[in-house]
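Structure data (mmCIF, C-alpha atoms) from final.cif:
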```cif
data_model
#
loop_
_atom_site.label_atom_id
_atom_site.label_comp_id
_atom_site.auth_asym_id
_atom_site.auth_seq_id
_atom_site.Cartn_x
_atom_site.Cartn_y
_atom_site.Cartn_z
CA MET A 25 115.58 103.27 88.91
CA GLN A 26 116.18 105.55 85.97
CA GLU A 27 112.53 106.33 85.13
CA LEU A 28 111.76 107.26 88.71
CA ASP A 29 114.80 109.48 89.18
CA GLU A 30 113.90 111.26 85.96
CA LEU A 31 110.33 111.83 87.14
CA VAL A 32 111.49 113.30 90.47
CA ARG A 33 114.08 115.51 88.77
CA ILE A 34 111.50 116.92 86.37
CA ARG A 35 108.92 117.41 89.12
CA GLU A 36 111.39 119.32 91.27
CA SER A 37 112.27 121.55 88.31
CA ILE A 38 108.59 122.43 87.80
CA ILE A 39 107.18 122.95 91.28
CA PRO A 40 108.72 123.43 94.74
CA ARG A 41 108.11 120.80 97.41
CA ALA A 42 106.38 123.34 99.65
CA ASN A 43 103.67 123.82 97.01
CA LEU A 44 103.27 120.07 96.59
CA LYS A 45 102.88 119.58 100.33
CA ARG A 46 100.14 122.19 100.38
CA LEU A 47 98.31 120.59 97.46
CA ALA A 48 98.77 117.03 98.68
CA LYS A 49 96.80 117.46 101.90
CA ARG A 50 94.15 114.76 102.25
CA ASN A 51 90.68 114.75 103.68
CA ASN A 52 87.70 112.41 103.69
CA HIS A 53 84.88 114.85 102.97
CA MET A 54 85.76 115.65 99.35
CA GLY A 55 85.84 111.95 98.46
CA LEU A 56 82.52 111.37 100.21
CA LEU A 57 80.95 114.33 98.37
CA PHE A 58 82.20 113.11 94.98
CA LEU A 59 81.09 109.56 95.80
CA ALA A 60 77.61 110.71 96.82
CA PHE A 61 77.25 112.66 93.58
CA HIS A 62 78.53 109.68 91.60
CA LEU A 63 76.11 107.22 93.20
CA ALA A 64 73.23 109.68 92.72
CA VAL A 65 74.00 109.92 88.99
CA ILE A 66 74.15 106.12 88.72
CA ALA A 67 70.86 105.82 90.61
CA ALA A 68 69.30 108.35 88.21
CA THR A 69 70.45 106.51 85.08
CA GLY A 70 69.33 103.23 86.67
CA TRP A 71 65.90 104.80 87.16
CA LEU A 72 65.87 105.76 83.45
CA VAL A 73 66.42 102.08 82.61
CA PHE A 74 63.57 101.16 84.96
CA ALA A 75 61.26 103.83 83.52
CA SER A 76 61.95 102.85 79.92
CA ARG A 77 61.09 99.16 80.28
CA GLY A 78 58.87 97.90 77.47
CA THR A 79 59.93 100.70 75.11
CA LEU A 80 62.80 101.16 72.68
CA TRP A 81 64.09 103.92 74.97
CA ILE A 82 65.58 101.16 77.07
CA VAL A 83 68.42 100.77 74.54
CA PRO A 84 69.88 104.28 74.96
CA ALA A 85 69.02 104.13 78.66
CA ILE A 86 71.14 101.00 79.09
CA PHE A 87 74.03 102.59 77.19
CA LEU A 88 73.78 105.76 79.30
CA HIS A 89 73.55 103.80 82.54
CA GLY A 90 76.47 101.64 81.39
CA ALA A 91 78.55 104.71 80.61
CA MET A 92 77.95 105.99 84.13
CA LEU A 93 78.80 102.58 85.62
CA ALA A 94 82.01 102.69 83.58
CA THR A 95 82.94 106.00 85.22
CA LEU A 96 83.30 104.05 88.48
CA PHE A 97 86.78 103.45 87.13
CA ALA A 98 87.56 106.94 88.43
CA PRO A 99 86.88 106.40 92.17
CA MET A 100 88.37 102.91 91.89
CA HIS A 101 91.52 104.43 90.42
CA GLU A 102 91.68 107.19 93.02
CA ALA A 103 91.09 104.75 95.89
CA ALA A 104 93.74 102.40 94.51
CA HIS A 105 96.18 105.31 94.74
CA GLY A 106 95.06 105.94 98.32
CA THR A 107 94.21 109.54 97.42
CA ALA A 108 90.40 109.39 97.33
CA PHE A 109 90.28 109.68 101.12
CA LYS A 110 92.65 110.37 103.96
CA SER A 111 91.49 107.23 105.74
CA VAL A 112 93.11 103.97 104.61
CA TRP A 113 89.99 101.92 105.34
CA LEU A 114 87.75 104.27 103.33
CA ASN A 115 90.10 103.95 100.35
CA GLU A 116 90.06 100.17 100.68
CA ALA A 117 86.27 100.00 101.08
CA VAL A 118 85.59 102.19 98.03
CA LEU A 119 88.22 100.34 96.01
CA TRP A 120 86.41 97.06 96.81
CA LEU A 121 82.92 98.43 96.15
CA CYS A 122 83.86 99.92 92.77
CA ALA A 123 85.93 96.89 91.77
CA LEU A 124 83.03 94.55 92.49
CA ILE A 125 80.68 96.57 90.29
CA TYR A 126 83.36 97.18 87.68
CA ILE A 127 84.37 93.47 87.71
CA PHE A 128 88.04 94.27 88.16
CA PRO A 129 90.14 92.40 90.76
CA PRO A 130 91.02 95.36 93.02
CA HIS A 131 94.51 94.54 94.24
CA TRP A 132 95.50 93.16 90.88
CA PHE A 133 94.45 96.55 89.46
CA ARG A 134 96.51 98.33 92.11
CA TYR A 135 99.73 96.49 91.24
CA HIS A 136 99.08 96.66 87.51
CA HIS A 137 98.41 100.38 87.75
CA ALA A 138 101.43 101.04 89.98
CA PHE A 139 103.63 99.57 87.28
CA HIS A 140 101.97 101.84 84.73
CA HIS A 141 103.00 104.84 86.83
CA THR A 142 106.57 103.62 87.13
CA TYR A 143 106.98 102.95 83.42
CA THR A 144 104.49 105.32 81.77
CA GLN A 145 104.84 105.14 77.98
CA VAL A 146 107.98 102.99 78.19
CA ARG A 147 107.41 100.40 75.50
CA ARG A 148 107.36 96.76 76.64
CA MET A 149 107.37 97.93 80.29
CA ASP A 150 104.21 100.05 80.65
CA SER A 151 101.54 97.61 81.82
CA ALA A 152 98.75 99.87 80.53
CA MET A 153 100.15 101.34 77.34
CA VAL A 154 97.16 102.14 75.14
CA LEU A 155 97.54 101.85 71.37
CA PRO A 156 101.28 102.41 70.84
CA LYS A 157 102.14 103.85 67.45
CA PRO A 158 101.68 102.91 64.65
CA ILE A 159 97.94 102.52 65.18
CA THR A 160 95.54 100.92 62.72
CA LEU A 161 91.83 101.64 62.58
CA GLY A 162 91.20 98.01 63.51
CA GLN A 163 93.34 98.27 66.65
CA TYR A 164 91.57 101.49 67.64
CA LEU A 165 88.10 99.97 67.17
CA VAL A 166 88.97 96.79 69.05
CA TYR A 167 90.38 98.78 71.97
CA VAL A 168 87.46 101.20 72.12
CA SER A 169 84.95 98.33 71.89
CA GLY A 170 86.12 97.30 75.34
CA LEU A 171 85.83 93.64 74.43
CA THR A 172 89.48 92.81 75.13
CA ILE A 173 89.21 94.01 78.72
CA TRP A 174 86.67 91.28 79.48
CA LYS A 175 88.95 88.56 78.16
CA ARG A 176 91.81 89.90 80.26
CA ASN A 177 89.88 90.61 83.45
CA LEU A 178 87.91 87.39 83.47
CA SER A 179 90.99 85.32 82.71
CA TYR A 180 92.78 86.94 85.68
CA LEU A 181 89.72 86.59 87.91
CA PHE A 182 89.16 82.91 87.19
CA GLY A 183 92.90 82.22 86.91
CA HIS A 184 93.54 83.68 90.36
CA ALA A 185 90.57 81.82 91.79
CA LEU A 186 92.16 78.61 90.50
CA GLY A 187 95.45 79.59 92.12
CA ARG A 188 97.21 80.59 88.90
CA ILE A 189 99.33 83.73 88.58
CA ASP A 190 100.02 84.70 84.99
CA PRO A 191 103.74 85.07 84.09
CA ALA A 192 103.08 88.67 82.97
CA GLU A 193 101.79 89.52 86.45
CA ARG A 194 104.97 88.36 88.12
CA SER A 195 106.76 91.46 86.87
CA TYR A 196 104.48 93.82 88.80
CA ALA A 197 102.87 91.92 91.68
CA PRO A 198 105.19 91.12 94.62
CA GLU A 199 105.39 87.38 95.31
CA ASP A 200 104.24 87.78 98.92
CA GLN A 201 100.96 89.18 97.56
CA TYR A 202 100.04 86.16 95.41
CA PRO A 203 98.00 84.49 98.19
CA GLY A 204 96.08 87.75 98.66
CA LEU A 205 95.32 88.01 94.93
CA ILE A 206 94.07 84.41 94.91
CA ARG A 207 91.96 84.90 98.05
CA GLN A 208 90.48 88.09 96.65
CA ALA A 209 89.42 86.47 93.35
CA ARG A 210 87.70 83.68 95.28
CA ILE A 211 85.84 86.20 97.46
CA MET A 212 84.72 88.14 94.37
CA LEU A 213 83.46 84.99 92.65
CA LEU A 214 81.63 83.94 95.80
CA ILE A 215 79.88 87.32 95.94
CA TYR A 216 78.94 87.09 92.25
CA ALA A 217 77.67 83.53 92.79
CA ALA A 218 75.56 84.71 95.73
CA VAL A 219 74.02 87.47 93.57
CA ALA A 220 73.25 84.89 90.87
CA VAL A 221 71.67 82.47 93.35
CA VAL A 222 69.44 85.17 94.86
CA ALA A 223 68.43 86.43 91.38
CA ILE A 224 67.57 82.92 90.20
CA ALA A 225 65.72 82.13 93.43
CA TYR A 226 63.52 85.20 92.97
CA GLY A 227 63.31 84.82 89.18
CA SER A 228 64.79 88.31 88.84
CA TRP A 229 66.64 89.71 85.83
CA ALA A 230 67.59 92.85 87.76
CA PRO A 231 71.35 92.10 87.99
CA VAL A 232 71.44 91.56 84.23
CA ILE A 233 69.36 94.62 83.31
CA TYR A 234 70.79 97.11 85.81
CA TRP A 235 74.36 95.86 86.06
CA LEU A 236 75.82 93.26 83.67
CA LEU A 237 74.28 94.38 80.38
CA PRO A 238 74.93 98.11 80.98
CA ARG A 239 78.37 97.32 82.29
CA VAL A 240 79.33 95.57 79.02
CA ALA A 241 77.59 98.19 76.88
CA GLY A 242 79.21 101.10 78.71
CA GLU A 243 82.81 99.98 78.76
CA SER A 244 83.38 101.51 75.33
CA TYR A 245 82.89 104.93 76.87
CA ALA A 246 85.61 104.33 79.47
CA ARG A 247 87.99 103.00 76.80
CA TRP A 248 87.27 105.98 74.56
CA MET A 249 88.08 108.37 77.40
CA ARG A 250 91.25 106.49 78.29
CA VAL A 251 92.60 106.76 74.74
CA ALA A 252 93.00 110.49 75.38
CA GLU A 253 95.33 109.99 78.35
CA HIS A 254 98.50 108.81 76.62
CA THR A 255 97.82 107.65 73.06
CA GLY A 256 99.81 109.64 70.53
CA CYS A 257 101.95 111.21 73.26
CA ALA A 258 105.72 110.86 73.33
CA GLU A 259 107.23 107.61 74.53
CA GLY A 260 109.62 107.72 77.47
CA SER A 261 109.43 108.72 81.09
CA ASP A 262 109.03 112.50 80.75
CA PRO A 263 105.61 113.37 82.25
CA ARG A 264 105.60 116.71 80.42
CA THR A 265 105.24 114.90 77.10
CA ASN A 266 104.11 111.31 77.76
CA THR A 267 100.68 112.19 79.16
CA ARG A 268 97.90 114.51 78.03
CA THR A 269 95.53 116.66 80.05
CA THR A 270 92.20 117.20 78.28
CA LEU A 271 90.22 120.29 79.17
CA THR A 272 86.53 119.49 79.35
CA ASN A 273 83.24 120.52 80.95
CA ALA A 274 82.41 120.53 84.66
CA PHE A 275 80.19 117.43 84.60
CA ILE A 276 82.86 115.27 82.93
CA ARG A 277 85.51 116.53 85.35
CA GLN A 278 83.22 115.75 88.28
CA ILE A 279 82.09 112.28 87.19
CA TRP A 280 85.70 111.33 86.33
CA TRP A 281 87.02 112.68 89.63
CA ASN A 282 89.24 115.20 87.77
CA MET A 283 91.03 112.44 85.88
CA PRO A 284 91.01 114.61 82.70
CA TYR A 285 93.88 116.45 84.49
CA HIS A 286 95.90 113.41 83.65
CA ALA A 287 99.30 114.97 83.01
CA GLU A 288 99.12 116.58 86.46
CA HIS A 289 98.19 113.20 87.96
CA HIS A 290 101.20 111.53 86.36
CA LEU A 291 103.52 114.36 87.31
CA CYS A 292 102.56 113.90 90.93
CA ALA A 293 100.30 110.96 91.78
CA PHE A 294 100.09 111.87 95.46
CA ILE A 295 98.09 115.02 94.74
CA PRO A 296 94.48 114.03 95.51
CA PHE A 297 91.82 114.38 92.81
CA HIS A 298 90.19 117.42 94.42
CA ALA A 299 93.44 119.43 94.27
CA LEU A 300 94.18 118.65 90.61
CA PRO A 301 92.39 121.75 89.22
CA ARG A 302 94.51 123.98 91.49
CA PHE A 303 97.64 121.98 90.63
CA HIS A 304 96.79 122.43 86.93
CA LEU A 305 96.85 126.23 87.34
CA GLU A 306 100.39 126.04 88.74
CA VAL A 307 101.95 123.67 86.20
CA ARG A 308 99.84 123.81 83.02
CA ASP A 309 102.44 125.73 81.03
CA GLU A 310 104.92 122.86 81.47
CA LEU A 311 102.58 120.03 80.46
CA THR A 312 100.81 118.67 77.39
CA VAL A 313 97.31 120.12 77.45
CA ALA A 314 94.58 119.53 74.85
CA PRO A 315 92.31 122.57 75.11
CA GLY A 316 89.57 121.39 72.76
CA GLY A 317 88.06 118.46 74.65
CA TYR A 318 87.86 114.72 74.01
CA PHE A 319 86.36 114.78 70.50
CA SER A 320 89.15 117.11 69.44
CA VAL A 321 91.79 114.75 70.85
CA HIS A 322 90.32 111.78 68.97
CA ALA A 323 90.05 113.83 65.78
CA GLU A 324 93.70 114.76 66.08
CA LEU A 325 94.67 111.13 66.68
CA PHE A 326 92.84 110.16 63.50
CA ARG A 327 94.49 112.96 61.59
CA LYS A 328 98.00 112.20 62.77
CA PHE A 329 98.33 108.56 63.75
CA ILE A 330 95.45 106.23 62.92
CA ARG A 331 95.70 104.53 59.53
CA TRP A 332 93.88 101.76 57.68
CA ASN A 333 96.80 99.41 58.13
CA HIS A 334 100.44 99.36 59.08
CA ALA A 335 101.51 99.90 55.48
CA THR A 336 99.86 103.33 55.37
CA PRO A 337 102.35 106.04 56.32
CA THR A 338 101.81 107.98 59.52
CA TYR A 339 102.77 111.59 60.09
CA GLN A 340 104.17 112.57 63.44
CA MET B 24 125.42 94.46 118.83
CA THR B 25 126.87 91.06 117.92
CA ASN B 26 127.00 88.94 114.76
CA GLY B 27 129.82 90.94 113.21
CA GLN B 28 128.02 94.26 113.60
CA SER B 29 128.44 97.23 115.87
CA ASP B 30 126.18 100.23 116.50
CA ARG B 31 127.26 103.70 115.55
CA TRP B 32 125.61 107.08 115.99
CA TYR B 33 125.62 109.34 112.96
CA ARG B 34 124.74 113.01 112.88
CA ALA B 35 121.86 113.17 110.38
CA ALA B 36 120.67 116.79 110.39
CA ALA B 37 120.24 119.94 112.43
CA THR B 38 116.91 119.91 114.25
CA SER B 39 116.06 123.19 112.53
CA ASP B 40 116.41 121.52 109.11
CA ILE B 41 113.20 119.55 109.61
CA GLU B 42 109.79 121.17 109.77
CA ASP B 43 107.15 119.76 112.07
CA ASP B 44 105.17 116.89 110.48
CA ASP B 45 107.68 116.63 107.68
CA VAL B 46 110.55 114.49 106.48
CA LEU B 47 114.09 115.13 105.34
CA GLY B 48 116.23 112.76 103.29
CA VAL B 49 119.87 112.50 104.34
CA ILE B 50 122.83 110.36 103.41
CA VAL B 51 125.15 109.25 106.20
CA GLY B 52 128.05 106.89 106.65
CA ASP B 53 131.74 107.13 105.93
CA TYR B 54 131.07 106.17 102.32
CA GLY B 55 127.60 107.71 102.02
CA GLN B 56 126.19 104.22 102.25
CA HIS B 57 123.03 104.89 104.28
CA GLU B 58 120.01 106.70 102.82
CA ILE B 59 117.94 107.76 105.82
CA ALA B 60 114.63 109.60 106.14
CA VAL B 61 114.43 111.71 109.31
CA TYR B 62 111.00 112.80 110.54
CA LYS B 63 109.67 115.32 113.03
CA ILE B 64 106.23 114.32 114.24
CA GLY B 65 104.61 116.28 117.04
CA GLY B 66 108.03 117.48 118.19
CA ALA B 67 109.59 114.00 118.31
CA TYR B 68 112.21 112.75 115.85
CA PHE B 69 112.17 109.41 114.05
CA ALA B 70 114.32 107.79 111.38
CA THR B 71 113.69 105.09 108.78
CA GLY B 72 115.32 103.90 105.60
CA ASP B 73 114.67 106.39 102.80
CA ARG B 74 113.84 103.88 100.06
CA CYS B 75 110.39 102.37 99.67
CA THR B 76 110.41 98.60 100.01
CA HIS B 77 108.11 98.30 97.00
CA GLN B 78 109.98 99.95 94.13
CA ARG B 79 112.74 101.94 95.84
CA ALA B 80 111.23 105.43 95.47
CA ARG B 81 112.69 108.00 97.86
CA LEU B 82 110.30 108.32 100.80
CA SER B 83 111.64 111.74 101.74
CA ASP B 84 109.98 112.98 98.52
CA GLY B 85 106.70 111.72 99.96
CA LEU B 86 104.11 113.02 102.34
CA VAL B 87 103.77 112.69 106.10
CA ILE B 88 100.15 111.84 106.90
CA ASP B 89 99.58 111.79 110.67
CA ASP B 90 102.01 109.12 111.91
CA CYS B 91 102.68 107.58 108.49
CA ILE B 92 104.94 108.31 105.54
CA GLU B 93 103.37 107.88 102.12
CA CYS B 94 105.51 106.85 99.17
CA PRO B 95 105.39 109.53 96.46
CA LEU B 96 105.29 107.01 93.62
CA HIS B 97 102.53 104.52 94.44
CA GLN B 98 101.15 105.95 97.71
CA GLY B 99 101.86 102.94 99.91
CA ARG B 100 102.00 104.02 103.56
CA PHE B 101 104.38 103.02 106.37
CA HIS B 102 103.97 103.66 110.08
CA ILE B 103 106.94 105.90 110.84
CA ALA B 104 107.66 104.78 114.41
CA THR B 105 107.57 101.04 113.69
CA GLY B 106 108.20 100.84 109.93
CA ARG B 107 105.12 98.66 109.56
CA ALA B 108 103.56 98.55 106.06
CA LYS B 109 100.07 100.05 106.46
CA SER B 110 98.58 100.12 102.96
CA ARG B 111 99.23 98.43 99.65
CA PRO B 112 101.10 98.26 97.38
CA VAL B 113 103.71 98.14 100.15
CA SER B 114 103.89 94.96 102.17
CA ILE B 115 107.49 94.72 103.42
CA PRO B 116 108.24 96.84 106.53
CA LEU B 117 110.74 99.66 106.58
CA GLN B 118 113.96 99.57 108.58
CA THR B 119 113.68 101.98 111.51
CA TYR B 120 116.54 103.56 113.47
CA PRO B 121 116.73 104.94 117.02
CA THR B 122 117.32 108.69 117.23
CA ARG B 123 118.67 111.06 119.85
CA ILE B 124 118.99 114.84 120.00
CA GLU B 125 122.29 116.38 120.96
CA GLU B 126 123.36 119.99 120.60
CA ASP B 127 120.47 120.85 118.26
CA ALA B 128 121.25 117.94 115.94
CA VAL B 129 119.47 114.67 115.22
CA PHE B 130 121.61 111.55 115.50
CA VAL B 131 120.57 108.12 114.19
CA LEU B 132 121.87 104.78 115.40
CA ILE B 133 122.90 102.44 112.62
CA ALA B 134 124.33 98.93 112.82
CA GLU B 135 127.53 98.75 110.81
CA PRO B 136 129.32 95.58 109.80
CA ASP B 137 132.59 95.18 111.75
CA ALA B 138 135.75 95.76 109.79
CA ALA B 139 137.33 92.44 108.75
#
```
For the file at hand, write its structure as structure tokens.
Amino acid sequence: MQELDELVRIRESIIPRANLKRLAKRNNHMGLLFLAFHLAVIAATGWLVFASRGTLWIVPAIFLHGAMLATLFAPMHEAAHGTAFKSVWLNEAVLWLCALIYIFPPHWFRYHHAFHHTYTQVRRMDSAMVLPKPITLGQYLVYVSGLTIWKRNLSYLFGHALGRIDPAERSYAPEDQYPGLIRQARIMLLIYAAVAVVAIAYGSWAPVIYWLLPRVAGESYARWMRVAEHTGCAEGSDPRTNTRTTLTNAFIRQIWWNMPYHAEHHLCAFIPFHALPRFHLEVRDELTVAPGGYFSVHAELFRKFIRWNHATPTYQ
Amino acid sequence: MTNGQSDRWYRAAATSDIEDDDVLGVIVGDYGQHEIAVYKIGGAYFATGDRCTHQRARLSDGLVIDDCIECPLHQGRFHIATGRAKSRPVSIPLQTYPTRIEEDAVFVLIAEPDAA
């Protein structure tokens, strides 16, 4: 596999295996600490929603709470890689928990995301290529709105539950896993149905106010963050140029489980999240690093690539 | 071995080439036809195929975690001694090979098709 061989060759030229082995060591406690912090933040923003009932403050509170729910993508992503914890069952449990809240079929995500790592920024192969050039303002706004993700996720969720595997999925999900994907979608829908039944039985709007509404409102934040990972970077399998690390503040690094060190993650996906800052210090000179934060990355994308329509010239 | 195959021992590596709790990728066979990962776990030696059954990444570039090898590309784990797939995205087991130590070298037993 050409892309894979290229990735390994580049990685070996940047950092010796002995250093990787040292950085790749797993444990459970760092994941549990990050998870505890994460859940505490979500509980705090949930309390803000509760405290702002009956006032207009509930609108920003729901957006804030939704943004924090959207950051559950980070532990879901890390657990899908098997690097959140040393223990396999802890990774699986956290993957399931986050996927249920995030409304993302967990094993479907795992296969979809694995393909993204194999074919990062390879056009027509990368399963998660975000806004390939040329980019129009309309495409940018639709992506960042997060609306398209619901169409995709819900169609996979209900499609799987009905026993249907989309032709696009057949390229990245092994055939022997189809029954598992179908079973998983049915379990998820059963859990959601149980939540709905209990809420209706008690006449409670809590799942809507504290979960569904914020979840929809907050997805834009996750999409906006994800634009910074690859959009505008070079196409092709070279991790030095096809992925961007964005330097940012300590809270964002923490709540996103160090995912802003994205070029490091793509260079070596088996380095766990807690070692990425140390890994960054060893390889940063070889990678694409945006020093000015997320707003700066988006501003640069607008300056260089995003145009009103496809007829407007872009400058690369 | 029957069914048109016979077993053959190949010298895979010097024992000193492999650190404890680590893996070494080797190529053996008269035509370099076998890519093998050789492991040293707690002083014992094991051997499996070197290519992940998911997307063919080289497992010897991966990480030994306790008694498992983790694929460096998508982090699927295999139990080294049995080849059993332990965590997704891998689901197909790895081929495993018997090993023996002789004169400070690790040998692996591989079934070869009989010459026609």
Interface rows for chain A against chain B: nearest pair, Å to one decimal, 8 Å, all atoms listed in the file, as a Markdown table:
```
| residue | atom | partner | partner_atom | distance |
| --- | --- | --- | --- | --- |
| A:Met25 | CA | B:Arg79 | CA | 7.6 |
| A:Leu28 | CA | B:Ala80 | CA | 7.0 |
| A:Lys45 | CA | B:Leu86 | CA | 7.0 |
| A:Ala48 | CA | B:Leu86 | CA | 7.6 |
| A:His105 | CA | B:Gln98 | CA | 5.8 |
| A:Gly106 | CA | B:Gln98 | CA | 6.1 |
| A:Thr107 | CA | B:Gln98 | CA | 7.8 |
| A:Val112 | CA | B:Ser110 | CA | 6.9 |
| A:Arg134 | CA | B:Pro112 | CA | 7.0 |
| A:Tyr135 | CA | B:Pro112 | CA | 6.5 |
| A:Ala138 | CA | B:His97 | CA | 5.8 |
| A:His141 | CA | B:Leu96 | CA | 7.5 |
| A:Thr142 | CA | B:Leu96 | CA | 7.4 |
| A:Asp200 | CA | B:Ser114 | CA | 7.9 |
| A:Gln201 | CA | B:Ser114 | CA | 8.0 |
| A:Cys292 | CA | B:Pro95 | CA | 7.6 |
| A:Ala293 | CA | B:Leu96 | CA | 6.6 |
| A:Phe294 | CA | B:Pro95 | CA | 5.9 |
```
Grab the CA of Leu237 (chain A) to CA of Leu93 (chain A) distance for me, in Å with one decimal place.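 Pair CA of Leu237 (chain A) / CA of Leu93 (chain A) returns 10.7 Å.
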I'd like the interatomic distance between CA of His57 (chain B) and CA of Gly72 (chain B), to a tenth of an Å. 7.9 Å
Which residues, named as in the file, does the PyMOL selection byres ((chain A and resi 314) around 8) pick out? Answer as number ranges by chain. A: 268-271, 312-313, 315-317, 321
Pull C-alpha atoms from the residues just selected and write them as a CSV table (one decimal), keeping the file's coordinate frame.
```
chain,number,residue,atom,x,y,z
A,268,ARG,CA,97.9,114.5,78.0
A,269,THR,CA,95.5,116.7,80.0
A,270,THR,CA,92.2,117.2,78.3
A,271,LEU,CA,90.2,120.3,79.2
A,312,THR,CA,100.8,118.7,77.4
A,313,VAL,CA,97.3,120.1,77.4
A,315,PRO,CA,92.3,122.6,75.1
A,316,GLY,CA,89.6,121.4,72.8
A,317,GLY,CA,88.1,118.5,74.6
A,321,VAL,CA,91.8,114.8,70.8
```
Would you mind reading off the distance between CA of Leu31 (chain A) and CA of Gln145 (chain A), one decimal, in Å?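 Between these atoms lies a distance of 12.6 Å.
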Cys91 (chain B) surroundings by only C-alpha atoms, 8 Å radius, close-in-sequence under 5 positions cut, as a VMD selection string: chain B and resid 100 to 103
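Between Asp262 (chain A) and the residues A:Gln278, A:Thr144, A:Ser320, A:Ser244, the shortest atom-to-atom distance, using all atoms listed in the file, involves A:Thr144.
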Which residues are close to Glu310 (chain A), i.e. within 10 Å by all atoms listed in the file, leaving aside same-chain residues fewer than 5 positions away? Reply as a count of residues only. 7
Need the shell around Ala68 (chain A): protein/DNA/RNA residues with any atom at most 12 Å away, counting only C-alpha atoms. Skip same-chain ones fewer than 3 positions apart. Format as a list in words? Phe61, His62, Leu63, Ala64, Val65, Trp71, Leu72, Val73, Phe74, Ala75, Ala85, Ile86, Leu88, His89, Gly90, Met92, Leu93 and Tyr234 of chain A
Of the candidates B:Gly27, B:Pro121, B:Pro136, B:Pro116, which shows the shortest atom-to-atom distance to Cys75 (chain B), using all atoms listed in the file?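 Checking each candidate against Cys75 (chain B), we get B:Pro116 as the closest.
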Rank B:Thr119, B:Ser83, B:Thr38, B:Gln28 by their smallest atom-to-atom distance to Thr71 (chain B), using only C-alpha atoms, and report the top residue only. B:Thr119
Hey, what's within 12 Å of Tyr68 (chain B) if we count all atoms listed in the file and toss same-chain stuff fewer than 6 positions away? As a ChimeraX atom specification, please? /B:35-47,60-62,90,103-104,119-125,127-131
Suppose we keep C-alpha atoms; can you now write the selection as a short mmCIF file (atom, residue, chain, number, x, y, z; two decimals), keeping the file's coordinate frame?
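Heads up, here's the output in result.cif:
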```cif
data_model
loop_
_atom_site.label_atom_id
_atom_site.label_comp_id
_atom_site.auth_asym_id
_atom_site.auth_seq_id
_atom_site.Cartn_x
_atom_site.Cartn_y
_atom_site.Cartn_z
CA ALA B 35 121.86 113.17 110.38
CA ALA B 36 120.67 116.79 110.39
CA ALA B 37 120.24 119.94 112.43
CA THR B 38 116.91 119.91 114.25
CA SER B 39 116.06 123.19 112.53
CA ASP B 40 116.41 121.52 109.11
CA ILE B 41 113.20 119.55 109.61
CA GLU B 42 109.79 121.17 109.77
CA ASP B 43 107.15 119.76 112.07
CA ASP B 44 105.17 116.89 110.48
CA ASP B 45 107.68 116.63 107.68
CA VAL B 46 110.55 114.49 106.48
CA LEU B 47 114.09 115.13 105.34
CA ALA B 60 114.63 109.60 106.14
CA VAL B 61 114.43 111.71 109.31
CA TYR B 62 111.00 112.80 110.54
CA ASP B 90 102.01 109.12 111.91
CA ILE B 103 106.94 105.90 110.84
CA ALA B 104 107.66 104.78 114.41
CA THR B 119 113.68 101.98 111.51
CA TYR B 120 116.54 103.56 113.47
CA PRO B 121 116.73 104.94 117.02
CA THR B 122 117.32 108.69 117.23
CA ARG B 123 118.67 111.06 119.85
CA ILE B 124 118.99 114.84 120.00
CA GLU B 125 122.29 116.38 120.96
CA ASP B 127 120.47 120.85 118.26
CA ALA B 128 121.25 117.94 115.94
CA VAL B 129 119.47 114.67 115.22
CA PHE B 130 121.61 111.55 115.50
CA VAL B 131 120.57 108.12 114.19
#
```
Compare A:Ala104, A:Leu57, A:Ala42, A:Ile125 by their minimum atom-to-atom distance to Pro238 (chain A), counting all atoms listed in the file, and give me the closest one. A:Ile125
Hits from the PyMOL selection byres ((chain A and resi 129) around 12), listed as a PyMOL selection string: chain A and resi 100+104+119-128+130-137+174+176-185+204-213
Translate the PyMOL selection byres ((chain A and resi 306) around 12) into a concrete residue list for this structure, as an MDAnalysis selection string. chainID A and resid 38:40 43:44 47 288 299:305 307:311
